[in-house]
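Below is one structure, written out as structure tokens, with a few remarks after it.
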Amino acid sequence: MNVLQASGLGKRYGGTWALRECSLTIPAGHVVALVGPNGAGKSTLLNLAVGLAAPSAGRVTVLGGWPAGSPAALDGIAFVAQDAPLYKNLSAADMLHLTRNLNRRFDQASAEARLVELGIPLKQKAGRLSGGQQTQLALTLALARRPRLLVLDEPMAMLDPLARHDFMATVMTAVADDGVSVLLSSHVIAELERVADYLILMSRGRVQVAGEIEGLLASHRILTGPAAEADKCSQRPVVHVRRALAQAHLLVRATAEDPVPPGWEAHPLGLEELALAYLREPGAAALPGPAHSRNAEPSEVTK
Amino acid sequence: MTAPRALTAPASPQEDASVRPLPWRRMAWVTWRQHRFALTGVAALLGALVLCLWIVGLQVHHAYAAATACHPASSIACEQLIGSFNGTGHFLATGYVLQAVPALIGAFVGAPVLARELETGTFRYAWTQGFGGWRWTLAKLVTLAVLVAASAGALSVLLSWYYHPYFQPYFAGNSMSLTTESSPLVGGLFDLRGVAFAAWTLAAFAIGGLAGMLIRRVVPAILATLAAYTGLAFAAGLYLRQHYLTALVTSKLNVPGSAWIVSQRWLTKGGQRISQSALSHVLQQGGPELAGKGGVPKSLSSWQYLVQHGYTQWTTYQPAGRFWTFQWIEGGWLLALSALLIALTVWLVRRRGGLKPIRPT
């Protein structure tokens, strides 16, 4: 099952495209990191996925083919928006009650236990909790819905390092216990490296890289060698060239088995290095083949 | 994390249960919990009005009973009683103060329903829950609309009782009456009684709901609601209401005192319209019997003089007997308008096209 499938997806606000020609398939069972600079279209993609916005072009389905925003999609997806919006004048207990009323499933016992564990008093008004506690409360509400896909938009923006660690620990526990798929956006790559196993890199409203992180790292190498030969050394596609005096560092799409040109050295690279290289080269892309599943319609662009 | 885990497995998408929408009654607690301050505020405002109207109303009815029981009507004592009736609750007599009630309810209950969610960003929580965004909007708007309209309807029962003496024939046709607007159809009092008061409150609420969705900020949405409501109320009172049914036209003086005089004009023998200044000129040239000059007693009124000289006065009016017909017409189109505005608001939420994600800095 694909938790998210987009074909020719685009979203326009006024005259500017916040997202365009996005074709993407995210299989279930991953923790997906959606990475890109501010304004890259991450929030737009997430809003389309959870049904808060309607596409200007193309289509997006979730949880194995349900249109985004349909009752079945809403039922299976829990969304924690940027800055974890909560009703400031409602207590934590009221927020639980509210969420229970608005959803088919709600695990009241585990939500309450989780809040006790976090030291969040049930009677405290949401507006008087710290930023970290508000984010944790929003996450608790989302997980108590027993979603199959958890969507988090910049969840860690309001958190200090310790709270980030606690937050991700909660998410990873849910992944381990319930097998929930996670799609989270961030513009900080370092904090995702430990948790994510799938990467979507976006810039300027387009998807640039999409794939399992292990596979992406295995299919990229850094070649280091004399700068003079930088332009013609590799038979493999070059993503990014960084020159330092006499030496050049080339990020190429190559596996460990690919031959290394004489005079050059090949190194494996980390996630952050890979992401930064692609973000510096908005023209480069590393996408899997056409993103259609067996039963998908042709990706015609509507409107 | 050691929290106990329920053994419920997430439903698969093929199961019908996950497609079937959640029952509407789930929204009852949600609506009450989120709007209890607004609803309590409405209850407090209406409660205070009820108390005030009840106290003053008893005095009005008391003064009215005393004035009607008095004989003979032309005596000084009776004139004093009529004067006392007219002086009681004078600031409410024209009804203009109470015109603000529907506007205030609509603006302060209706406008924040969506504007607050959009302003604070909580719509991103509310509309991504299993209940669904447009169903959430529909449930809230309809529930609150029914509640505010029902409260306003209850108040208008009291208002009908309060204003009852003002429309009695005794005062309606009586020259002693100081209440100049004795017709039940005239603006100011027409829309406080019958079904119109509840309908106007409903319309104000629906305007507020749509303004909140379009403007997305609480205070500007409230102001826009007040402005739009005022414009609509004035347009209805000044231009629309007189055309609900074809007005009656007469050249006689038999127009009942309770009728709503829409317009009056004088025509010459040839059927030409004659202006007010031309009429004054005719009257100034009139004979001594008109002016009471030169020792001749004044025997003709201006109206009789003009009629004798071939002029005809045409009066266009709506008889008071059309009160309930007018009430249902006004209530009907306001209900239709409100339903349309609420449907438009829900459609905008459902379409979601214009909802630009808010990026907090």
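Identifiers for the structure tokens are assigned positionally: chains receive A, B, ... in sequence, residues are indexed from 1 per chain, and ligands are indexed from 1 in the order shown.
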> Which residues in range 125-264 of chain A does DSSP call strand (DSSP E or B)? List them as a ChimeraX atom specification.
Replying inline: /A:125,149-153,181-186,198-203,206-212,220-226,238-244,247-253
>> Counting only C-alpha atoms, a student should be able to say which residues of chain A come within 6 Å of chain B; what is the right answer, written as a PyMOL selection string?
In response: chain A and resi 53-54+71-72+74-75+85-86+101-103+110+113
>> Between A:Gly132, A:Gly8, A:Pro147, A:Pro226, which residue has the minimum interatomic distance to Arg105 in chain A, considering only C-alpha atoms?
In response: A:Pro147
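Residues lying within 8 Å of Pro102 in chain B, counting only C-alpha atoms and ignoring same-chain neighbours fewer than 2 positions away, are Gln99, Ala100, Leu104, Ile105, Gly106, Ala152, Phe197, Ala198, Trp200, Thr201, Leu202 and Ala204 of chain B.
Closest approach to Asp153 in chain A from the set A:Leu269, A:Ile213, A:Ala78, A:Ala169 is made by A:Ala78, with distances taken over only C-alpha atoms.
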>> Env of range 78-88 of chain B: 6 Å cut, atoms = only C-alpha atoms, seq-sep filter 6 positions within chain, self excluded. Answer as an NGL selection string.
In response: :B and (60 or 63-64 or 67 or 70)
> If you count only C-alpha atoms, which residues fall within 6 Å of Ala115 in chain B, apart from same-chain ones fewer than 4 positions away, as a PyMOL selection string?
Replying inline: chain B and resi 119+212-213+216-218
Restrict the selected residues to N, CA and C atoms and save them as a PDB file, in the first residue's frame.
```pdb
ATOM      1  N   GLU B 119      -8.031  32.658  11.989  1.00  0.00           N
ATOM      2  CA  GLU B 119      -7.073  33.638  12.508  1.00  0.00           C
ATOM      3  C   GLU B 119      -6.021  32.965  13.387  1.00  0.00           C
ATOM      4  N   GLY B 212     -16.820  35.848   8.184  1.00  0.00           N
ATOM      5  CA  GLY B 212     -15.691  35.234   8.884  1.00  0.00           C
ATOM      6  C   GLY B 212     -14.860  34.362   7.961  1.00  0.00           C
ATOM      7  N   MET B 213     -15.550  33.609   7.086  1.00  0.00           N
ATOM      8  CA  MET B 213     -14.840  32.728   6.152  1.00  0.00           C
ATOM      9  C   MET B 213     -14.063  33.538   5.116  1.00  0.00           C
ATOM     10  N   ARG B 216     -11.475  36.166   7.421  1.00  0.00           N
ATOM     11  CA  ARG B 216     -10.525  35.348   8.176  1.00  0.00           C
ATOM     12  C   ARG B 216      -9.889  36.066   9.360  1.00  0.00           C
ATOM     13  N   ARG B 217     -10.457  37.206   9.750  1.00  0.00           N
ATOM     14  CA  ARG B 217      -9.982  37.905  10.944  1.00  0.00           C
ATOM     15  C   ARG B 217     -11.215  38.291  11.737  1.00  0.00           C
ATOM     16  N   VAL B 218     -11.159  38.118  13.079  1.00  0.00           N
ATOM     17  CA  VAL B 218     -12.372  38.260  13.882  1.00  0.00           C
ATOM     18  C   VAL B 218     -12.916  39.691  13.851  1.00  0.00           C
TER      19      VAL B 218
END
```
>> List the spatial neighbours of range 161-165 of chain A as a VMD selection string - criterion: any atom at most 12 Å away, only C-alpha atoms, same-chain residues fewer than 2 positions off excluded.
In response: chain A and resid 118 130 to 136 154 to 159 167 to 172 188 190 to 192 194 to 195
>> Residues within 7 Å of range 230-243 of chain A, please, as a PyMOL selection string. Count only C-alpha atoms; anything in the same chain fewer than 6 positions from it doesn't count.
In response: chain A and resi 249-254+261+277-278+281+284
> Residues of range 26-234 of chain A in helix (DSSP H, G or I) according to DSSP, as an MDAnalysis selection string?
Replying inline: chainID A and resid 42:50 71:76 92:101 108:118 126:128 131:144 161:178 190:192 213:218 227:229
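CA of Ala68 in chain A sits 8.8 Å away from CA of Leu52 in chain A.
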